[in-house]
$ cat coords_29.tsv   # TSV, C-alpha atoms
chain	number	residue	atom	x	y	z
V	284	MET	CA	120.28	56.45	131.49
V	285	THR	CA	120.55	53.94	128.66
V	286	VAL	CA	119.90	56.31	125.77
V	287	GLU	CA	122.89	57.89	124.06
V	288	LEU	CA	122.60	61.69	124.12
V	289	GLU	CA	124.29	63.77	121.44
V	290	PRO	CA	126.74	66.38	122.73
V	291	ILE	CA	124.79	69.22	121.05
V	292	VAL	CA	123.00	71.56	123.47
V	293	GLY	CA	120.38	74.10	122.34
V	294	ARG	CA	119.40	77.34	124.10
V	295	TYR	CA	117.59	80.61	123.44
V	296	MET	CA	118.75	84.20	123.89
V	297	CYS	CA	117.17	87.58	123.41
V	298	LEU	CA	119.05	89.90	121.05
V	299	THR	CA	118.12	93.46	120.19
V	300	LEU	CA	118.62	93.79	116.44
V	301	GLY	CA	117.71	96.85	114.42
V	302	GLY	CA	116.10	98.24	117.58
V	303	ARG	CA	113.76	95.25	117.93
V	304	GLU	CA	113.85	92.30	120.27
V	305	ASN	CA	114.47	88.90	118.72
V	306	ARG	CA	114.31	85.49	120.35
V	307	ILE	CA	117.26	83.61	118.90
V	308	TYR	CA	117.86	79.89	119.06
V	309	PHE	CA	121.37	78.50	118.97
V	310	GLU	CA	123.14	75.21	119.42
V	311	GLU	CA	126.65	74.48	120.56
V	312	ALA	CA	129.07	71.63	121.10
V	313	GLY	CA	132.75	71.21	121.86
V	314	GLN	CA	135.44	73.15	123.64
V	315	GLY	CA	138.23	75.38	122.45
V	316	ILE	CA	138.43	77.99	119.73
V	317	PRO	CA	134.92	79.34	119.06
V	318	VAL	CA	133.58	78.75	115.55
V	319	VAL	CA	130.30	80.47	114.66
V	320	CYS	CA	128.52	78.52	111.91
V	321	LEU	CA	126.13	80.30	109.52
V	322	HIS	CA	123.43	78.29	107.76
V	323	THR	CA	122.41	78.73	104.12
V	324	ALA	CA	119.49	80.82	102.87
V	325	GLY	CA	116.08	79.38	103.70
V	326	ALA	CA	117.48	76.80	106.09
V	327	ASP	CA	118.63	76.61	109.73
V	328	SER	CA	121.42	75.61	112.08
V	329	ARG	CA	120.70	71.88	111.85
V	330	GLN	CA	122.90	71.83	108.77
V	331	PHE	CA	125.95	71.72	111.06
V	332	ARG	CA	124.83	68.83	113.27
V	333	HIS	CA	127.31	66.38	111.79
V	334	LEU	CA	130.28	68.67	112.35
V	335	MET	CA	129.05	69.27	115.90
V	336	THR	CA	129.15	65.57	116.70
V	337	ASP	CA	132.60	64.95	115.21
V	338	PRO	CA	135.15	64.62	118.04
V	339	ALA	CA	137.97	65.50	115.64
V	340	VAL	CA	136.36	68.95	115.54
V	341	THR	CA	134.80	69.32	118.97
V	342	ASP	CA	137.92	68.23	120.87
V	343	HIS	CA	139.53	71.49	119.77
V	344	PHE	CA	136.72	73.84	118.78
V	345	ARG	CA	133.57	75.20	120.37
V	346	LEU	CA	131.05	75.17	117.55
V	347	LEU	CA	128.07	77.51	117.79
V	348	ALA	CA	125.28	77.73	115.24
V	349	PHE	CA	122.30	80.05	115.53
V	350	ASP	CA	119.10	80.29	113.54
V	351	LEU	CA	118.70	83.71	111.96
V	352	PRO	CA	115.49	85.56	112.90
V	353	TRP	CA	112.59	84.06	110.89
V	354	HIS	CA	114.51	80.76	110.57
V	355	GLY	CA	114.37	77.43	112.38
V	356	LYS	CA	113.44	77.89	116.04
V	357	SER	CA	114.15	81.65	116.09
V	358	THR	CA	110.93	83.61	115.88
V	359	PRO	CA	110.34	86.56	113.57
V	360	PRO	CA	110.19	89.89	115.41
V	361	VAL	CA	106.78	91.08	116.67
V	362	GLY	CA	104.74	92.56	113.83
V	363	TRP	CA	106.18	90.22	111.21
V	364	GLN	CA	102.77	89.34	109.82
V	365	ASP	CA	102.51	92.67	108.01
V	366	GLU	CA	106.06	92.71	106.69
V	367	GLU	CA	107.92	91.30	103.73
V	368	TYR	CA	111.08	89.73	105.11
V	369	ARG	CA	114.23	91.01	103.38
V	370	LEU	CA	117.71	90.32	104.69
V	371	THR	CA	120.30	93.04	104.10
V	372	THR	CA	124.07	93.09	104.48
V	373	GLU	CA	123.73	95.52	107.38
V	374	ALA	CA	121.17	93.42	109.27
V	375	TYR	CA	123.00	90.14	108.61
V	376	ALA	CA	126.35	91.50	109.83
V	377	GLU	CA	124.72	93.13	112.85
V	378	THR	CA	123.10	89.83	113.84
V	379	ILE	CA	126.30	87.81	113.59
V	380	MET	CA	128.41	90.31	115.51
V	381	ALA	CA	125.70	90.81	118.16
V	382	PHE	CA	125.63	87.05	118.68
V	383	CYS	CA	129.43	86.90	119.05
V	384	ARG	CA	129.51	89.83	121.47
V	385	ALA	CA	126.54	88.62	123.53
V	386	LEU	CA	128.37	85.37	124.25
V	387	GLU	CA	131.68	87.22	124.69
V	388	LEU	CA	133.38	84.96	122.18
V	389	ASP	CA	137.12	85.62	122.02
V	390	ARG	CA	138.10	86.26	118.40
V	391	PRO	CA	135.84	83.57	116.94
V	392	VAL	CA	136.21	81.93	113.57
V	393	VAL	CA	133.12	82.59	111.46
V	394	MET	CA	132.25	79.83	109.00
V	395	GLY	CA	129.27	80.36	106.71
V	396	CYS	CA	127.80	78.50	103.78
V	397	SER	CA	126.28	80.02	100.61
V	398	MET	CA	124.93	83.39	101.74
V	399	GLY	CA	126.91	82.70	104.90
V	400	GLY	CA	129.95	82.23	102.69
V	401	ARG	CA	129.19	85.60	101.15
V	402	ILE	CA	128.74	87.57	104.39
V	403	VAL	CA	132.02	86.30	105.86
V	404	LEU	CA	133.83	88.30	103.17
V	405	HIS	CA	132.14	91.45	104.44
V	406	LEU	CA	132.94	90.49	108.04
V	407	ALA	CA	136.61	89.86	107.23
V	408	GLY	CA	136.86	93.38	105.87
V	409	ALA	CA	134.72	95.25	108.40
V	410	TYR	CA	135.38	93.27	111.60
V	411	GLY	CA	138.68	91.51	110.87
V	412	ASP	CA	140.23	92.65	114.15
V	413	GLU	CA	137.54	90.84	116.13
V	414	LEU	CA	137.81	87.57	114.21
V	415	ARG	CA	140.41	84.80	114.15
V	416	ALA	CA	139.61	83.74	110.58
V	417	VAL	CA	136.68	83.32	108.21
V	418	ILE	CA	135.72	80.22	106.26
V	419	GLY	CA	133.47	80.68	103.26
V	420	LEU	CA	131.77	77.48	102.12
V	421	GLU	CA	130.26	77.87	98.64
V	422	GLY	CA	131.22	81.52	98.97
V	423	SER	CA	132.05	84.23	96.46
V	424	ASP	CA	131.86	87.99	96.18
V	425	HIS	CA	129.18	87.79	93.47
V	426	GLN	CA	127.45	85.21	91.30
V	427	GLN	CA	124.98	85.00	88.47
V	428	PRO	CA	121.32	84.20	89.28
V	429	TRP	CA	119.78	81.03	87.86
V	430	TYR	CA	116.03	81.48	88.52
V	431	ASP	CA	113.40	84.10	89.31
V	432	THR	CA	112.91	84.23	93.09
V	433	ASP	CA	109.25	85.24	92.66
V	434	TRP	CA	108.55	81.51	92.23
V	435	LEU	CA	109.51	80.93	95.86
V	436	HIS	CA	106.55	82.72	97.41
V	437	ARG	CA	103.19	82.75	95.61
V	438	PRO	CA	99.90	81.06	96.43
V	439	ASP	CA	99.73	78.75	93.40
V	440	VAL	CA	103.08	77.07	94.05
V	441	HIS	CA	103.85	75.32	97.36
V	442	GLY	CA	106.79	77.17	98.82
V	443	GLY	CA	108.39	74.28	100.65
V	444	GLU	CA	108.08	71.95	97.68
V	445	VAL	CA	109.49	74.39	95.14
V	446	CYS	CA	112.36	75.61	97.37
V	447	SER	CA	113.43	72.04	97.93
V	448	ALA	CA	112.98	70.98	94.30
V	449	LEU	CA	114.98	73.94	93.04
V	450	ILE	CA	117.95	73.48	95.31
V	451	SER	CA	117.91	69.67	95.01
V	452	GLY	CA	120.12	69.97	91.94
V	453	LEU	CA	122.79	71.71	93.98
V	454	VAL	CA	123.45	68.48	95.89
V	455	ALA	CA	126.21	66.38	94.32
V	456	PRO	CA	125.04	63.12	92.69
V	457	GLN	CA	127.44	61.17	94.92
V	458	SER	CA	125.93	62.42	98.19
V	459	PRO	CA	124.20	59.67	100.22
V	460	ASP	CA	120.41	59.53	100.04
V	461	GLU	CA	120.00	59.90	103.80
V	462	THR	CA	121.89	63.19	104.08
V	463	ARG	CA	120.67	64.45	100.69
V	464	TRP	CA	117.06	64.15	101.79
V	465	GLU	CA	117.69	65.53	105.24
V	466	THR	CA	119.25	68.56	103.58
V	467	LEU	CA	116.18	68.96	101.36
V	468	TRP	CA	113.82	68.46	104.31
V	469	SER	CA	115.05	71.64	105.97
V	470	TYR	CA	114.28	73.55	102.77
V	471	MET	CA	110.74	72.17	102.82
V	472	GLN	CA	110.27	73.66	106.29
V	473	SER	CA	111.21	77.31	106.09
V	474	GLY	CA	108.43	79.88	106.52
V	475	PRO	CA	106.65	81.48	103.56
V	476	GLY	CA	108.92	83.93	101.78
V	477	VAL	CA	111.90	83.37	104.06
V	478	PHE	CA	114.14	81.80	101.41
V	479	LYS	CA	113.14	84.56	99.02
V	480	GLY	CA	113.89	87.19	101.66
V	481	ASP	CA	117.36	85.74	102.23
V	482	LEU	CA	117.99	85.88	98.51
V	483	TYR	CA	117.37	89.62	98.60
V	484	PHE	CA	120.68	89.80	100.45
V	485	TYR	CA	122.29	87.21	98.20
V	486	ARG	CA	121.11	88.62	94.87
V	487	VAL	CA	120.60	92.33	95.44
V	488	ASP	CA	122.44	93.61	98.50
V	489	SER	CA	125.76	91.79	98.53
V	490	ASP	CA	127.83	92.47	95.46
V	491	PHE	CA	131.15	92.60	97.30
V	492	ARG	CA	133.39	92.82	94.25
V	493	ASP	CA	134.24	96.37	95.28
V	494	ARG	CA	135.68	95.40	98.67
V	495	THR	CA	137.25	91.94	98.52
V	496	ALA	CA	140.64	93.25	97.39
V	497	ARG	CA	140.87	95.33	100.57
V	498	ILE	CA	140.59	92.33	102.93
V	499	ASP	CA	143.76	91.95	105.01
V	500	THR	CA	144.35	88.22	105.38
V	501	GLU	CA	147.30	88.87	107.70
V	502	ARG	CA	144.73	90.22	110.13
V	503	CYS	CA	141.93	87.81	109.32
V	504	PRO	CA	142.81	84.75	107.21
V	505	VAL	CA	140.25	83.78	104.54
V	506	TYR	CA	139.58	80.18	103.53
V	507	LEU	CA	137.18	79.45	100.68
V	508	LEU	CA	135.94	75.94	99.93
V	509	THR	CA	133.47	75.16	97.14
V	510	GLY	CA	132.02	71.90	95.84
V	511	GLU	CA	132.58	71.01	92.21
V	512	TYR	CA	128.84	70.37	91.68
V	513	ASP	CA	127.75	73.82	92.91
V	514	PHE	CA	126.34	75.62	89.90
V	515	SER	CA	124.92	78.44	92.06
V	516	CYS	CA	128.23	79.60	93.54
V	517	THR	CA	130.44	77.92	90.98
V	518	PRO	CA	134.06	76.89	91.52
V	519	GLU	CA	134.93	79.64	89.03
V	520	ASP	CA	133.09	82.22	91.18
V	521	THR	CA	135.07	81.15	94.23
V	522	GLU	CA	138.39	81.00	92.38
V	523	ARG	CA	137.84	84.50	90.98
V	524	THR	CA	136.99	85.77	94.48
V	525	GLY	CA	140.00	84.07	96.03
V	526	ALA	CA	142.29	85.48	93.38
V	527	ALA	CA	141.09	88.99	94.26
V	528	ILE	CA	141.96	88.58	97.97
V	529	PRO	CA	145.72	88.49	98.54
V	530	GLY	CA	146.51	85.53	100.79
V	531	ALA	CA	143.12	83.82	100.53
V	532	GLU	CA	143.21	80.04	100.20
V	533	VAL	CA	140.79	78.32	97.80
V	534	THR	CA	139.90	74.65	97.77
V	535	ILE	CA	137.58	73.04	95.22
V	536	MET	CA	135.97	70.00	96.80
V	537	LYS	CA	135.36	66.84	94.78
V	538	GLU	CA	131.97	65.09	94.82
V	539	LEU	CA	130.30	67.86	96.83
V	540	GLY	CA	127.69	70.46	95.99
V	541	HIS	CA	126.26	73.57	97.66
V	542	PHE	CA	125.64	72.06	101.13
V	543	PRO	CA	128.88	70.23	101.96
V	544	MET	CA	128.44	70.00	105.74
V	545	SER	CA	124.97	68.49	105.50
V	546	GLU	CA	124.78	66.72	102.14
V	547	ASN	CA	127.88	64.57	102.63
V	548	PRO	CA	129.51	65.07	106.05
V	549	ALA	CA	132.05	62.27	105.54
V	550	GLN	CA	133.35	63.79	102.33
V	551	PHE	CA	133.30	67.32	103.75
V	552	ARG	CA	135.44	66.49	106.79
V	553	ARG	CA	138.27	65.43	104.46
V	554	TYR	CA	138.45	69.06	103.36
V	555	ILE	CA	137.49	71.02	106.46
V	556	LEU	CA	139.65	69.23	109.04
V	557	PRO	CA	142.94	70.38	107.45
V	558	VAL	CA	141.62	73.96	107.38
V	559	LEU	CA	140.66	73.78	111.06
V	560	ASP	CA	144.09	72.33	111.85
V	561	ARG	CA	145.69	75.28	110.09
V	562	ILE	CA	143.63	77.72	112.15
V	563	ARG	CA	144.56	75.89	115.35
V	564	ASP	CA	148.24	76.08	114.50
V	565	THR	CA	148.27	79.83	113.86
L	207	MET	CA	124.19	56.65	72.95
L	208	SER	CA	124.30	60.23	71.80
L	209	GLY	CA	122.18	60.46	68.63
L	210	SER	CA	118.91	62.34	68.78
L	211	ASP	CA	117.00	59.24	67.63
L	212	ASP	CA	118.49	57.24	70.50
L	213	VAL	CA	117.63	59.90	73.05
L	214	ALA	CA	114.10	60.28	71.67
L	215	ALA	CA	113.67	56.53	71.95
L	216	VAL	CA	114.57	56.72	75.64
L	217	PHE	CA	111.97	59.43	76.19
L	218	GLU	CA	109.40	57.28	74.36
L	219	GLN	CA	109.87	54.70	77.13
L	220	LEU	CA	108.75	57.15	79.81
L	221	PRO	CA	105.23	55.68	80.16
L	222	GLU	CA	106.53	52.26	81.23
L	223	ARG	CA	109.29	53.70	83.39
L	224	VAL	CA	107.16	56.28	85.18
L	225	ASN	CA	103.84	54.50	85.49
L	226	GLY	CA	105.43	51.50	87.21
L	227	ASN	CA	107.02	53.77	89.80
L	228	ALA	CA	104.30	54.19	92.44
L	229	PRO	CA	106.04	56.88	94.57
L	230	LEU	CA	106.67	58.96	91.46
L	231	VAL	CA	103.09	58.64	90.21
L	232	ARG	CA	101.85	59.64	93.65
L	233	ARG	CA	104.12	62.69	93.61
L	234	GLY	CA	102.44	63.85	90.41
L	235	ARG	CA	98.91	62.80	91.29
L	236	PHE	CA	97.49	66.33	90.99
L	237	LEU	CA	99.15	67.06	87.66
L	238	ASP	CA	97.35	67.03	84.32
L	239	VAL	CA	99.49	68.67	81.67
L	240	ASP	CA	100.78	68.40	78.13
L	241	PHE	CA	104.38	69.50	77.79
L	242	LEU	CA	107.16	69.28	75.27
L	243	ILE	CA	110.62	67.76	75.52
L	244	GLY	CA	113.16	68.66	72.87
L	245	ALA	CA	116.20	66.56	71.99
L	246	ASP	CA	118.18	68.37	69.26
L	247	ASP	CA	115.51	68.99	66.61
L	248	ILE	CA	113.16	66.21	67.73
L	249	PRO	CA	110.11	67.39	69.71
L	250	LEU	CA	108.37	64.90	71.99
L	251	HIS	CA	104.85	65.73	73.17
L	252	VAL	CA	104.36	64.29	76.66
L	253	SER	CA	100.90	63.92	78.19
L	254	VAL	CA	100.53	63.57	81.98
L	255	ARG	CA	97.26	62.67	83.67
L	256	GLN	CA	97.15	62.31	87.45
L	257	GLY	CA	100.86	61.62	87.55
L	258	ARG	CA	100.82	58.93	84.87
L	259	ILE	CA	102.45	59.45	81.48
L	260	THR	CA	99.56	58.66	79.16
L	261	ASN	CA	101.32	59.38	75.88
L	262	VAL	CA	104.64	60.39	74.34
L	263	ALA	CA	104.30	61.43	70.70
L	264	ARG	CA	107.41	62.03	68.64
L	265	GLY	CA	106.86	65.14	66.56
L	266	PRO	CA	106.67	67.37	64.85
L	267	VAL	CA	102.89	67.15	65.33
L	268	LEU	CA	101.10	69.98	63.59
L	269	MET	CA	99.18	72.42	65.80
L	270	ARG	CA	99.49	70.45	69.04
L	271	PRO	CA	99.68	72.85	71.99
L	272	TRP	CA	101.83	72.46	75.07
L	273	ARG	CA	102.05	74.38	78.38
L	274	PHE	CA	105.81	74.40	78.76
L	275	ALA	CA	108.81	73.09	76.87
L	276	ILE	CA	112.16	71.74	78.07
L	277	ARG	CA	114.81	71.47	75.38
L	278	ALA	CA	118.42	70.36	75.32
L	279	SER	CA	120.81	68.74	72.90
L	280	ALA	CA	120.75	64.96	72.62
L	281	ASP	CA	124.30	64.97	73.88
L	282	ALA	CA	123.30	66.95	76.99
L	283	TRP	CA	120.42	64.55	77.76
L	284	ALA	CA	122.76	61.58	77.38
L	285	ARG	CA	125.24	63.14	79.79
L	286	PHE	CA	122.37	64.06	82.16
L	287	TRP	CA	121.50	60.35	82.35
L	288	ALA	CA	124.99	59.18	83.38
L	289	PRO	CA	124.92	57.29	86.72
L	290	PHE	CA	127.05	60.10	88.22
L	291	PRO	CA	126.76	62.97	85.75
L	292	GLU	CA	129.69	65.31	85.46
L	293	PRO	CA	129.29	68.77	87.02
L	294	GLY	CA	127.02	70.96	84.92
L	295	TYR	CA	125.06	68.02	83.49
L	296	HIS	CA	123.62	66.80	86.79
L	297	ASP	CA	120.53	69.02	87.03
L	298	LEU	CA	118.03	70.70	84.72
L	299	PHE	CA	118.85	74.15	86.12
L	300	ALA	CA	122.58	73.56	85.95
L	301	MET	CA	121.97	73.07	82.22
L	302	THR	CA	119.66	76.08	81.84
L	303	LYS	CA	122.10	78.35	83.68
L	304	SER	CA	124.90	77.41	81.30
L	305	GLY	CA	122.62	77.65	78.25
L	306	MET	CA	122.75	73.91	77.52
L	307	ALA	CA	119.01	73.60	78.14
L	308	GLU	CA	116.05	75.91	77.68
L	309	VAL	CA	112.74	76.13	79.52
L	310	GLU	CA	109.91	78.20	78.08
L	311	GLY	CA	106.13	78.62	78.10
L	312	ASP	CA	103.75	78.69	81.05
L	313	LEU	CA	106.04	77.67	83.90
L	314	GLN	CA	103.39	77.52	86.64
L	315	PRO	CA	102.60	73.80	86.21
L	316	LEU	CA	106.31	73.07	85.96
L	317	MET	CA	107.21	74.97	89.13
L	318	ALA	CA	104.20	73.68	91.09
L	319	ASN	CA	105.27	70.11	90.24
L	320	LEU	CA	108.99	70.67	89.91
L	321	ARG	CA	110.18	67.68	91.87
L	322	TYR	CA	107.91	65.38	89.85
L	323	ILE	CA	109.00	66.76	86.48
L	324	LYS	CA	112.69	66.69	87.42
L	325	ASP	CA	112.31	63.11	88.59
L	326	VAL	CA	110.51	62.12	85.37
L	327	LEU	CA	113.32	63.59	83.28
L	328	ALA	CA	115.89	61.74	85.39
L	329	VAL	CA	114.12	58.36	85.34
L	330	PRO	CA	116.50	56.98	82.65
L	331	ARG	CA	119.55	57.95	84.75
L	332	GLY	CA	122.02	55.12	85.04
L	333	THR	CA	120.02	52.77	82.81
L	334	GLU	CA	121.32	53.75	79.39
L	335	PRO	CA	124.57	52.90	77.57
L	336	GLN	CA	126.89	55.85	77.94
L	337	VAL	CA	128.25	58.27	75.42

$ encode --input "coords_29.tsv" --output "structure tokens"
Amino acid sequence: MTVELEPIVGRYMCLTLGGRENRIYFEEAGQGIPVVCLHTAGADSRQFRHLMTDPAVTDHFRLLAFDLPWHGKSTPPVGWQDEEYRLTTEAYAETIMAFCRALELDRPVVMGCSMGGRIVLHLAGAYGDELRAVIGLEGSDHQQPWYDTDWLHRPDVHGGEVCSALISGLVAPQSPDETRWETLWSYMQSGPGVFKGDLYFYRVDSDFRDRTARIDTERCPVYLLTGEYDFSCTPEDTERTGAAIPGAEVTIMKELGHFPMSENPAQFRRYILPVLDRIRDT
Amino acid sequence: MSGSDDVAAVFEQLPERVNGNAPLVRRGRFLDVDFLIGADDIPLHVSVRQGRITNVARGPVLMRPWRFAIRASADAWARFWAPFPEPGYHDLFAMTKSGMAEVEGDLQPLMANLRYIKDVLAVPRGTEPQV
């Protein structure tokens, strides 16, 4: 074969979530400590493709990234056409832990971005014994909204166009055009109302300010990394969150925005590789 | 460049800068709207027809209606146009979240054409002398 194949392999699994069957798509690459990667709201697992093809990561870690139900190549559960999709803390945590248990992952690291960076704080508190560490990218326990999510799903505004145009400003100005536009492309593709439904979790059902102080980082270390250009989850939001969690480590990343792993993979690896090394050494 | 007259003068060049940009005009090809840009106390009435900027009128113009308005200080616009703007000045909504810019009026034509409008506002980026 003359074509060069990427090391990423994709498969499907059936997970029962909330009493309903869901066909879940996931990708994986690498060998070693399992790292479950959580995509941002209104996007899918492709955001981690650069990390999954980086030998400095995959030589030591088994990266797994799944598409949440309704996202990417995972289908919505049967009957979806008469429902309004709304992600909750309970459903999100159930999905992540069901995925980890289904694959019998041994104390995985969970790394999530944006809403994924939010839910890992809940996981560290509720499931810390089952996890090796959590990494919150653009994560905080709470943040201020910056637009009305009703604009994301209405017939007189194209959902894909407006989702992408809104979040385009969260990409750092220094990020290369190629990866900037690939990041935006995934936002143009999510189903009607899916981004909005994710933001129900992010805006309404995940104010974790009441629980972050109780996270035991001796049991489950917490690493928080946020880009300086992220005005959604701001560096101040992350620093405040980190300060409330004894032992949490906070890094503010230069020349990065809200999608570090996909908007500028080369810049992101400068920050994430030392964190992964730390996890490997402990 | 940081005075409101200087910033208004940059906005007055939008017709040449936008209309010569074929991908941008195409992006706005379904948009016909009159909107307002504010730089300090200077209002600029911008007319868009099929993605082309057909007029920019420095106000105040008595009794001229607009669908939506986008206002910021001249200093904020100048920083917004830096080749690599500093955090907080790099996007319209970064500036509205912090209170450095305001958006008001009928937002439907803005949101339905958001990428086009954001690109129009950013057309001067990297082309102007800096603060």

$ interface_residues --input "coords_29.tsv" --of "chain L" --to "chain V" --cutoff "6 Å" --atoms "all atoms listed in the file" --output "VMD selection string"
chain L and resid 290 293 297 300 303 318 320 to 321

$ residues_near_point --input "coords_29.tsv" --point "(122.7, 93.6, 115.3)" --cutoff "9 Å" --atoms "only C-alpha atoms" --output "list in words"
Leu298, Thr299, Leu300, Gly301, Gly302, Glu373, Ala374, Tyr375, Ala376, Glu377, Thr378, Ile379, Met380, Ala381 and Phe382 of chain V

$ axis_aligned_box --input "coords_29.tsv" --around "region 440-457 of chain V" --padding-each-side "4 Å" --output "JSON"
{"center_x": 115.3, "center_y": 69.2, "center_z": 96.3, "size_x": 32.4, "size_y": 24.0, "size_z": 16.7}

$ residues_around --input "coords_29.tsv" --residues "Arg285 (chain L)" --least-positions-apart "4" --cutoff "7 Å" --atoms "all atoms listed in the file" --output "MDAnalysis selection string"
chainID L and resid 281 291 295

$ residues_near_point --input "coords_29.tsv" --point "(134.1, 83.5, 94.0)" --cutoff "9 Å" --atoms "only C-alpha atoms" --output "list in words"
Arg401, Glu421, Gly422, Ser423, Asp424, His425, Gln426, Leu507, Thr509, Cys516, Thr517, Pro518, Glu519, Asp520, Thr521, Glu522, Arg523, Thr524, Gly525, Ala526 and Ala527 of chain V

$ residues_around --input "coords_29.tsv" --residues "Asp211 (chain L)" --least-positions-apart "3" --cutoff "10 Å" --atoms "all atoms listed in the file" --output "ChimeraX atom specification"
/L:207-208,214-217,245-248,280

$ closest_residue --input "coords_29.tsv" --among "L:Leu220, L:Glu292, L:Pro271, L:Gly226" --to "Ala328 (chain L)" --atoms "only C-alpha atoms"
L:Leu220

$ closest_residue --input "coords_29.tsv" --among "V:Val340, V:Val392, V:Ala407, V:Ala549" --to "Ala531 (chain V)" --atoms "all atoms listed in the file"
V:Ala407

$ decode --input "coords_29.tsv" --residues "region 264-277 of chain L" --atoms "N, CA, C and O atoms" --output "mmCIF file, in the first residue's frame"
data_model
loop_
_atom_site.group_PDB
_atom_site.id
_atom_site.type_symbol
_atom_site.label_atom_id
_atom_site.label_comp_id
_atom_site.auth_asym_id
_atom_site.auth_seq_id
_atom_site.Cartn_x
_atom_site.Cartn_y
_atom_site.Cartn_z
ATOM 1 N N ARG L 264 -21.296 59.851 7.288
ATOM 2 C CA ARG L 264 -20.944 60.280 8.634
ATOM 3 C C ARG L 264 -22.059 61.170 9.170
ATOM 4 O O ARG L 264 -22.470 62.123 8.516
ATOM 5 N N GLY L 265 -22.561 60.829 10.342
ATOM 6 C CA GLY L 265 -23.663 61.578 10.924
ATOM 7 C C GLY L 265 -23.186 62.638 11.889
ATOM 8 O O GLY L 265 -22.001 62.960 11.892
ATOM 9 N N PRO L 266 -24.083 63.159 12.700
ATOM 10 C CA PRO L 266 -25.484 62.709 12.742
ATOM 11 C C PRO L 266 -26.291 63.141 11.513
ATOM 12 O O PRO L 266 -26.102 64.232 10.993
ATOM 13 N N VAL L 267 -27.148 62.205 11.046
ATOM 14 C CA VAL L 267 -28.083 62.495 9.962
ATOM 15 C C VAL L 267 -29.473 62.451 10.564
ATOM 16 O O VAL L 267 -29.874 61.427 11.128
ATOM 17 N N LEU L 268 -30.196 63.525 10.473
ATOM 18 C CA LEU L 268 -31.492 63.604 11.141
ATOM 19 C C LEU L 268 -32.480 62.585 10.569
ATOM 20 O O LEU L 268 -32.630 62.455 9.364
ATOM 21 N N MET L 269 -33.140 61.847 11.465
ATOM 22 C CA MET L 269 -34.256 60.969 11.128
ATOM 23 C C MET L 269 -33.907 59.867 10.132
ATOM 24 O O MET L 269 -34.752 59.398 9.390
ATOM 25 N N ARG L 270 -32.652 59.427 10.118
ATOM 26 C CA ARG L 270 -32.319 58.289 9.253
ATOM 27 C C ARG L 270 -32.408 57.005 10.071
ATOM 28 O O ARG L 270 -31.709 56.851 11.066
ATOM 29 N N PRO L 271 -33.239 56.080 9.678
ATOM 30 C CA PRO L 271 -33.405 54.845 10.469
ATOM 31 C C PRO L 271 -32.284 53.835 10.206
ATOM 32 O O PRO L 271 -31.618 53.901 9.164
ATOM 33 N N TRP L 272 -32.110 52.947 11.125
ATOM 34 C CA TRP L 272 -31.178 51.835 10.975
ATOM 35 C C TRP L 272 -31.761 50.609 11.652
ATOM 36 O O TRP L 272 -32.582 50.735 12.551
ATOM 37 N N ARG L 273 -31.337 49.404 11.208
ATOM 38 C CA ARG L 273 -31.869 48.157 11.785
ATOM 39 C C ARG L 273 -31.144 47.769 13.056
ATOM 40 O O ARG L 273 -31.746 47.334 14.012
ATOM 41 N N PHE L 274 -29.818 47.889 13.030
ATOM 42 C CA PHE L 274 -29.048 47.588 14.238
ATOM 43 C C PHE L 274 -27.847 48.530 14.297
ATOM 44 O O PHE L 274 -27.459 49.113 13.276
ATOM 45 N N ALA L 275 -27.341 48.688 15.505
ATOM 46 C CA ALA L 275 -26.197 49.579 15.718
ATOM 47 C C ALA L 275 -25.099 48.827 16.450
ATOM 48 O O ALA L 275 -25.359 47.978 17.312
ATOM 49 N N ILE L 276 -23.854 49.137 16.082
ATOM 50 C CA ILE L 276 -22.674 48.562 16.743
ATOM 51 C C ILE L 276 -21.790 49.734 17.137
ATOM 52 O O ILE L 276 -21.309 50.471 16.269
ATOM 53 N N ARG L 277 -21.597 49.926 18.419
ATOM 54 C CA ARG L 277 -20.865 51.099 18.890
ATOM 55 C C ARG L 277 -19.709 50.705 19.800
ATOM 56 O O ARG L 277 -19.833 49.792 20.611
#
